[in-house]
Amino acid sequence: MAGLVAAAEARRLGAQPVVFEKLDRPGGSMRLSSGVVWRHRDFERFRVECPGGDERLQRLLFERLDSDLAWLESLGAPVVERTTGNELTTGVRFDVEGLTATLAPDDLRLEAALTEAPDGAPLVLATGGFGASRELLREHVTPEADHVLIRAAPGSVGDGMRLGLAAGASLGDGLADVYARAMPAPPARIRPEEFVALSQLYARHARVTNNSGEVHETATWSEVDTAQWMARQPGARAWFRVDSGALAERVRERSVGDMVAVAEAAGAPVERDGEGVTVECVAGVTTTLGGLRVDEHAWAAPAVFACGADAGGIATGGYASGLAAALVFGRVAARAALGEAS
Ligand SMILES: Cc1cc2nc3c(=O)[nH]c(=O)nc-3n(C[C@H](O)[C@H](O)[C@H](O)COP(=O)(O)OP(=O)(O)OC[C@H]3O[C@@H](n4cnc5c(N)ncnc54)[C@H](O)[C@@H]3O)c2cc1C
């Protein structure tokens, strides 16, 4: 998303950007996402939930998001909902196909994969981090990388990081942080378009254990702590035990029972007994949260800017909206690359 946003902003400023896209369709993980672009309602809460982040970047995201959402809407991006369903956050849910069509109009110049930095023109890196590279996940995130479910679009294998480092950029803090979700464990069959519908977001109502019976107490509303913990357990697995009485509990628009049912239908190991149900889950790595170190102009190295999941320092130590970061810093990067004030 960040690259398409940067291109839209560059075009608004009169430039003629070229977008490189390695897959046969633009949109990346944004196109697989729920499309909820959000921020915390309260800046202090954002700081507390993402304590390792760079305060300057976090403040920019917090202060710019609402007007950037209005800009996106003014381009024609279709809004589905004006609420996030979470009282701690505010934002907008877009239809992701419509959002892609808005940001990638037919006359946008799209070229195939970028393999090395082009000479003579500023470069905005927006390759979506390295969530789809088991090799880089093993190096930076977890020795259990072979077992995680890759819940990201397949193109995001760290190309931006590699190109940025080659150009003289450095890595930021929190490279081991990922946004992940508990997902039905194999032999469940999960197609990318089912990543959202099959997520198992009820650790708060469950007893979560690893294969040795060690318990993890869920500490965050996003349950990112649980999913990150799972990613580092043997086999990247955990077992969610839910008492019968908790199956009717609701998490946003779904009940716990609904989520268990879709896991069972997909083929995950699910055991029911008279007192409840146990679901075997696997960590689904969705986006890496660490990346290149950038300043508040998205500057990473001379003539090289990074945004979206290629840039770290925003959600470090916790979780914040990756789509919001892509939107705000995509625009920031385009303006900085063109020498415009941000
Ligand atoms: C199932 C799911 C649900 C999600 N739900 C939400 C949500 O509701 N809210 C939220 O805030 N976030 C959500 N996210 C996360 C969000 O989608 C990402 O944080 C966001 O898309 C990151 O934006 P990006 O521009 O960095 O990467 P992407 O949107 O993935 O775009 C990166 C693009 O770069 C391309 N690319 C990579 N390497 C190259 C190369 N060398 N040359 C050319 N092109 C290349 C990729 O193919 C891709 O198209 C979700 C993600 C998933 C998978």
# chains A, B, ... in the order shown; residues from 1 in each chain; ligands from 1
$ residues_near_ligand --ligand "ligand 1" --cutoff "6 Å" --atoms "only C-alpha atoms and all ligand atoms" --output "number ranges by chain"
A: 1-3, 20-23, 26-30, 32-37, 113-115, 126-128, 151-153, 155-156, 159, 195-196, 286-287, 308-310, 321-324, 326
$ write_last_selection --atoms "C-alpha atoms" --output "mmCIF file, in the first residue's frame"
data_model
loop_
_atom_site.group_PDB
_atom_site.id
_atom_site.type_symbol
_atom_site.label_atom_id
_atom_site.label_comp_id
_atom_site.auth_asym_id
_atom_site.auth_seq_id
_atom_site.Cartn_x
_atom_site.Cartn_y
_atom_site.Cartn_z
ATOM 1 C CA MET A 1 0.000 0.000 0.000
ATOM 2 C CA ALA A 2 2.739 2.492 0.954
ATOM 3 C CA GLY A 3 4.245 2.488 -2.543
ATOM 4 C CA PHE A 20 7.752 -1.409 -9.435
ATOM 5 C CA GLU A 21 5.600 -4.415 -8.496
ATOM 6 C CA LYS A 22 6.983 -7.936 -8.500
ATOM 7 C CA LEU A 23 3.635 -9.765 -8.313
ATOM 8 C CA PRO A 26 -0.621 -4.514 -7.130
ATOM 9 C CA GLY A 27 -1.835 -4.123 -3.546
ATOM 10 C CA GLY A 28 0.377 -6.528 -1.589
ATOM 11 C CA SER A 29 -0.802 -7.488 1.889
ATOM 12 C CA MET A 30 -3.165 -4.526 1.925
ATOM 13 C CA LEU A 32 -5.516 -9.436 1.776
ATOM 14 C CA SER A 33 -6.229 -7.277 4.812
ATOM 15 C CA SER A 34 -9.387 -6.255 6.644
ATOM 16 C CA GLY A 35 -8.776 -2.730 5.371
ATOM 17 C CA VAL A 36 -9.071 -1.077 8.791
ATOM 18 C CA VAL A 37 -6.782 1.975 8.856
ATOM 19 C CA ALA A 113 10.307 -6.248 -9.839
ATOM 20 C CA LEU A 114 12.964 -3.829 -8.716
ATOM 21 C CA THR A 115 16.252 -5.649 -8.128
ATOM 22 C CA ALA A 126 7.895 0.097 0.086
ATOM 23 C CA THR A 127 8.268 -3.653 -0.375
ATOM 24 C CA GLY A 128 6.243 -4.672 2.683
ATOM 25 C CA ARG A 151 -0.014 -14.836 6.519
ATOM 26 C CA ALA A 152 1.415 -12.124 4.272
ATOM 27 C CA ALA A 153 1.442 -11.521 0.527
ATOM 28 C CA GLY A 155 6.297 -10.708 -2.443
ATOM 29 C CA SER A 156 7.446 -9.299 0.890
ATOM 30 C CA ASP A 159 13.972 -6.677 -0.844
ATOM 31 C CA PHE A 195 -6.650 -15.183 6.268
ATOM 32 C CA VAL A 196 -9.069 -12.745 7.917
ATOM 33 C CA THR A 286 1.308 -11.219 9.030
ATOM 34 C CA THR A 287 3.738 -8.264 8.927
ATOM 35 C CA GLY A 308 5.213 0.986 5.185
ATOM 36 C CA ALA A 309 6.622 -2.202 6.651
ATOM 37 C CA ASP A 310 10.068 -1.448 5.193
ATOM 38 C CA SER A 321 -1.957 -0.220 12.258
ATOM 39 C CA GLY A 322 0.362 -1.153 9.401
ATOM 40 C CA LEU A 323 -2.075 0.366 6.912
ATOM 41 C CA ALA A 324 -1.998 3.672 8.801
ATOM 42 C CA ALA A 326 1.708 2.898 4.982
#
$ residues_around --residues "A:Ala266" --least-positions-apart "6" --cutoff "10 Å" --atoms "only C-alpha atoms" --output "JSON, numbers by chain"
{"A": [184, 185, 186, 187, 188, 189, 190, 191, 194, 198, 260]}
$ write_last_selection --atoms "N, CA and C atoms" --output "PDB file, in the first residue's frame"
ATOM      1  N   PRO A 184      -5.761 -21.502  12.526  1.00  0.00           N
ATOM      2  CA  PRO A 184      -5.963 -22.952  12.642  1.00  0.00           C
ATOM      3  C   PRO A 184      -4.703 -23.701  12.197  1.00  0.00           C
ATOM      4  N   ALA A 185      -4.290 -24.697  12.991  1.00  0.00           N
ATOM      5  CA  ALA A 185      -3.052 -25.431  12.688  1.00  0.00           C
ATOM      6  C   ALA A 185      -3.291 -26.455  11.575  1.00  0.00           C
ATOM      7  N   PRO A 186      -2.200 -26.866  10.892  1.00  0.00           N
ATOM      8  CA  PRO A 186      -2.321 -27.942   9.905  1.00  0.00           C
ATOM      9  C   PRO A 186      -2.925 -29.188  10.575  1.00  0.00           C
ATOM     10  N   PRO A 187      -3.663 -29.999   9.845  1.00  0.00           N
ATOM     11  CA  PRO A 187      -3.793 -29.989   8.373  1.00  0.00           C
ATOM     12  C   PRO A 187      -4.838 -29.006   7.831  1.00  0.00           C
ATOM     13  N   ALA A 188      -5.182 -27.973   8.585  1.00  0.00           N
ATOM     14  CA  ALA A 188      -6.149 -27.006   8.045  1.00  0.00           C
ATOM     15  C   ALA A 188      -5.656 -26.455   6.710  1.00  0.00           C
ATOM     16  N   ARG A 189      -6.585 -26.280   5.781  1.00  0.00           N
ATOM     17  CA  ARG A 189      -6.248 -25.690   4.474  1.00  0.00           C
ATOM     18  C   ARG A 189      -6.740 -24.244   4.483  1.00  0.00           C
ATOM     19  N   ILE A 190      -5.816 -23.331   4.248  1.00  0.00           N
ATOM     20  CA  ILE A 190      -6.155 -21.911   4.358  1.00  0.00           C
ATOM     21  C   ILE A 190      -5.711 -21.187   3.091  1.00  0.00           C
ATOM     22  N   ARG A 191      -6.664 -20.645   2.358  1.00  0.00           N
ATOM     23  CA  ARG A 191      -6.309 -19.839   1.183  1.00  0.00           C
ATOM     24  C   ARG A 191      -6.089 -18.396   1.624  1.00  0.00           C
ATOM     25  N   GLU A 194      -8.747 -16.243   2.828  1.00  0.00           N
ATOM     26  CA  GLU A 194      -9.418 -16.651   4.070  1.00  0.00           C
ATOM     27  C   GLU A 194      -8.614 -16.252   5.315  1.00  0.00           C
ATOM     28  N   LEU A 198     -10.448 -16.777   8.998  1.00  0.00           N
ATOM     29  CA  LEU A 198     -10.052 -17.942   9.808  1.00  0.00           C
ATOM     30  C   LEU A 198      -9.208 -17.573  11.034  1.00  0.00           C
ATOM     31  N   VAL A 260     -14.182 -21.029  16.413  1.00  0.00           N
ATOM     32  CA  VAL A 260     -13.822 -22.435  16.557  1.00  0.00           C
ATOM     33  C   VAL A 260     -14.416 -23.232  15.390  1.00  0.00           C
TER      34      VAL A 260
END
$ select_by_dssp --residues "stretch 67-274 of chain A" --states "strand (DSSP E)" --output "MDAnalysis selection string"
chainID A and resid 79:81 89:94 109:111 123:125 149:150 178:184 207:209 215:216 237:243 250:251 254:255 270:273
$ closest_residue --among "A:Glu275, A:Glu73, A:Glu214, A:Glu111" --to "A:Pro17" --atoms "only C-alpha atoms"
A:Glu111
$ residues_around --residues "A:Cys307" --least-positions-apart "5" --cutoff "12 Å" --atoms "only C-alpha atoms" --output "MDAnalysis selection string"
chainID A and resid 1:6 57 61 123:129 160:161 164 289:300 312:314 322:334 336:337
$ write_last_selection --atoms "C-alpha atoms" --output "PDB file, in the first residue's frame"
ATOM      1  CA  MET A   1       0.000   0.000   0.000  1.00  0.00           C
ATOM      2  CA  ALA A   2       2.739   2.492   0.954  1.00  0.00           C
ATOM      3  CA  GLY A   3       4.245   2.488  -2.543  1.00  0.00           C
ATOM      4  CA  LEU A   4       0.884   3.121  -4.203  1.00  0.00           C
ATOM      5  CA  VAL A   5       0.162   5.918  -1.727  1.00  0.00           C
ATOM      6  CA  ALA A   6       3.587   7.461  -2.414  1.00  0.00           C
ATOM      7  CA  LEU A  57       7.378   8.973  14.038  1.00  0.00           C
ATOM      8  CA  LEU A  61       1.298   9.092  12.494  1.00  0.00           C
ATOM      9  CA  LEU A 123      13.893   5.874  -4.542  1.00  0.00           C
ATOM     10  CA  VAL A 124      11.012   5.139  -2.163  1.00  0.00           C
ATOM     11  CA  LEU A 125      11.285   1.636  -0.702  1.00  0.00           C
ATOM     12  CA  ALA A 126       7.895   0.097   0.086  1.00  0.00           C
ATOM     13  CA  THR A 127       8.268  -3.653  -0.375  1.00  0.00           C
ATOM     14  CA  GLY A 128       6.243  -4.672   2.683  1.00  0.00           C
ATOM     15  CA  GLY A 129       9.005  -5.876   5.025  1.00  0.00           C
ATOM     16  CA  GLY A 160      13.554  -3.166   0.568  1.00  0.00           C
ATOM     17  CA  MET A 161      15.766  -3.991   3.515  1.00  0.00           C
ATOM     18  CA  GLY A 164      18.274   0.060   1.675  1.00  0.00           C
ATOM     19  CA  LEU A 289       7.240  -4.502  12.470  1.00  0.00           C
ATOM     20  CA  GLY A 290      10.978  -3.822  12.447  1.00  0.00           C
ATOM     21  CA  GLY A 291      12.856  -2.505   9.444  1.00  0.00           C
ATOM     22  CA  LEU A 292      15.089   0.263   8.165  1.00  0.00           C
ATOM     23  CA  ARG A 293      15.769   3.191  10.472  1.00  0.00           C
ATOM     24  CA  VAL A 294      14.079   6.343   9.135  1.00  0.00           C
ATOM     25  CA  ASP A 295      13.624   9.907  10.318  1.00  0.00           C
ATOM     26  CA  GLU A 296      10.402  11.921  10.240  1.00  0.00           C
ATOM     27  CA  HIS A 297      10.943  12.556   6.507  1.00  0.00           C
ATOM     28  CA  ALA A 298      11.100   8.795   5.848  1.00  0.00           C
ATOM     29  CA  TRP A 299      14.785   9.321   4.947  1.00  0.00           C
ATOM     30  CA  ALA A 300      16.808   6.117   5.187  1.00  0.00           C
ATOM     31  CA  GLY A 312      10.738   0.338  11.559  1.00  0.00           C
ATOM     32  CA  GLY A 313      10.312   2.461  14.661  1.00  0.00           C
ATOM     33  CA  ILE A 314       6.548   2.905  14.790  1.00  0.00           C
ATOM     34  CA  GLY A 322       0.362  -1.153   9.401  1.00  0.00           C
ATOM     35  CA  LEU A 323      -2.075   0.366   6.912  1.00  0.00           C
ATOM     36  CA  ALA A 324      -1.998   3.672   8.801  1.00  0.00           C
ATOM     37  CA  ALA A 325       1.803   3.692   8.722  1.00  0.00           C
ATOM     38  CA  ALA A 326       1.708   2.898   4.982  1.00  0.00           C
ATOM     39  CA  LEU A 327      -0.704   5.767   4.353  1.00  0.00           C
ATOM     40  CA  VAL A 328       0.959   8.469   6.432  1.00  0.00           C
ATOM     41  CA  PHE A 329       4.574   7.594   5.635  1.00  0.00           C
ATOM     42  CA  GLY A 330       3.863   6.814   1.980  1.00  0.00           C
ATOM     43  CA  ARG A 331       2.793  10.449   1.593  1.00  0.00           C
ATOM     44  CA  VAL A 332       5.675  11.721   3.725  1.00  0.00           C
ATOM     45  CA  ALA A 333       8.193   9.740   1.655  1.00  0.00           C
ATOM     46  CA  ALA A 334       6.843  11.020  -1.661  1.00  0.00           C
ATOM     47  CA  ALA A 336      10.527  14.226   0.856  1.00  0.00           C
ATOM     48  CA  ALA A 337      11.707  12.431  -2.303  1.00  0.00           C
TER      49      ALA A 337
END
$ select_by_dssp --residues "stretch 208-303 of chain A" --states "helix (DSSP H, G or I)" --output "VMD selection string"
chain A and resid 224 to 231 234 to 236 244 to 246 256 to 266
$ decode --residues "stretch 124-150 of chain A" --atoms "N, CA, C and O atoms" --output "compact mmCIF listing (two decimals), in the first residue's frame"
# COMPACT_ATOMS: atom_id res chain seq x y z
N VAL A 124 11.84 5.39 -3.35
CA VAL A 124 11.01 5.14 -2.16
C VAL A 124 10.86 3.63 -2.03
O VAL A 124 10.29 2.98 -2.91
N LEU A 125 11.39 3.08 -0.95
CA LEU A 125 11.28 1.64 -0.70
C LEU A 125 9.97 1.35 0.02
O LEU A 125 9.70 1.94 1.07
N ALA A 126 9.19 0.43 -0.52
CA ALA A 126 7.90 0.10 0.09
C ALA A 126 7.55 -1.34 -0.29
O ALA A 126 6.53 -1.60 -0.92
N THR A 127 8.45 -2.26 0.08
CA THR A 127 8.27 -3.65 -0.37
C THR A 127 7.56 -4.53 0.66
O THR A 127 7.45 -5.73 0.48
N GLY A 128 7.08 -3.92 1.75
CA GLY A 128 6.24 -4.67 2.68
C GLY A 128 6.99 -5.49 3.71
O GLY A 128 6.41 -6.42 4.30
N GLY A 129 8.27 -5.17 3.97
CA GLY A 129 9.00 -5.88 5.03
C GLY A 129 9.45 -7.26 4.59
O GLY A 129 9.62 -7.55 3.40
N PHE A 130 9.64 -8.15 5.58
CA PHE A 130 10.19 -9.48 5.23
C PHE A 130 9.35 -10.64 5.80
O PHE A 130 9.85 -11.74 6.01
N GLY A 131 8.05 -10.38 5.97
CA GLY A 131 7.18 -11.40 6.58
C GLY A 131 7.01 -12.66 5.77
O GLY A 131 6.59 -13.70 6.30
N ALA A 132 7.32 -12.61 4.47
CA ALA A 132 7.15 -13.81 3.65
C ALA A 132 8.46 -14.55 3.42
O ALA A 132 8.51 -15.48 2.61
N SER A 133 9.51 -14.15 4.12
CA SER A 133 10.81 -14.83 3.97
C SER A 133 11.10 -15.68 5.21
O SER A 133 11.43 -15.14 6.27
N ARG A 134 11.00 -17.00 5.07
CA ARG A 134 11.31 -17.85 6.24
C ARG A 134 12.76 -17.68 6.66
O ARG A 134 13.09 -17.74 7.84
N GLU A 135 13.62 -17.45 5.67
CA GLU A 135 15.04 -17.30 5.98
C GLU A 135 15.27 -16.08 6.88
O GLU A 135 15.94 -16.17 7.92
N LEU A 136 14.68 -14.93 6.52
CA LEU A 136 14.86 -13.73 7.34
C LEU A 136 14.09 -13.82 8.65
O LEU A 136 14.54 -13.30 9.68
N LEU A 137 12.96 -14.51 8.64
CA LEU A 137 12.23 -14.70 9.91
C LEU A 137 13.09 -15.54 10.86
O LEU A 137 13.14 -15.28 12.06
N ARG A 138 13.77 -16.55 10.30
CA ARG A 138 14.64 -17.39 11.14
C ARG A 138 15.79 -16.56 11.70
O ARG A 138 16.15 -16.67 12.87
N GLU A 139 16.33 -15.69 10.86
CA GLU A 139 17.48 -14.88 11.29
C GLU A 139 17.09 -13.85 12.35
O GLU A 139 17.81 -13.64 13.32
N HIS A 140 15.92 -13.23 12.19
CA HIS A 140 15.60 -12.08 13.04
C HIS A 140 14.49 -12.33 14.06
O HIS A 140 14.36 -11.59 15.03
N VAL A 141 13.62 -13.32 13.80
CA VAL A 141 12.39 -13.41 14.62
C VAL A 141 12.31 -14.69 15.44
O VAL A 141 12.11 -14.63 16.65
N THR A 142 12.43 -15.84 14.81
CA THR A 142 12.20 -17.09 15.56
C THR A 142 12.92 -18.29 14.93
O THR A 142 12.89 -18.44 13.69
N PRO A 143 13.51 -19.15 15.76
CA PRO A 143 14.09 -20.37 15.22
C PRO A 143 13.02 -21.33 14.68
O PRO A 143 13.34 -22.29 13.99
N GLU A 144 11.76 -21.06 15.00
CA GLU A 144 10.65 -21.91 14.54
C GLU A 144 10.06 -21.43 13.21
O GLU A 144 8.93 -21.76 12.86
N ALA A 145 10.84 -20.63 12.48
CA ALA A 145 10.32 -19.99 11.25
C ALA A 145 9.78 -21.00 10.23
O ALA A 145 8.87 -20.68 9.47
N ASP A 146 10.34 -22.21 10.22
CA ASP A 146 9.85 -23.19 9.23
C ASP A 146 8.41 -23.60 9.52
O ASP A 146 7.74 -24.16 8.64
N HIS A 147 7.95 -23.37 10.75
CA HIS A 147 6.63 -23.88 11.13
C HIS A 147 5.53 -22.82 11.13
O HIS A 147 4.36 -23.16 11.20
N VAL A 148 5.91 -21.53 11.12
CA VAL A 148 4.87 -20.51 11.16
C VAL A 148 4.06 -20.56 9.87
O VAL A 148 4.54 -21.03 8.83
N LEU A 149 2.84 -20.08 9.95
CA LEU A 149 2.05 -19.86 8.74
C LEU A 149 2.42 -18.47 8.22
O LEU A 149 2.39 -17.50 8.98
N ILE A 150 2.79 -18.39 6.96
CA ILE A 150 3.06 -17.07 6.36
C ILE A 150 1.71 -16.47 5.97
O ILE A 150 1.06 -16.94 5.04
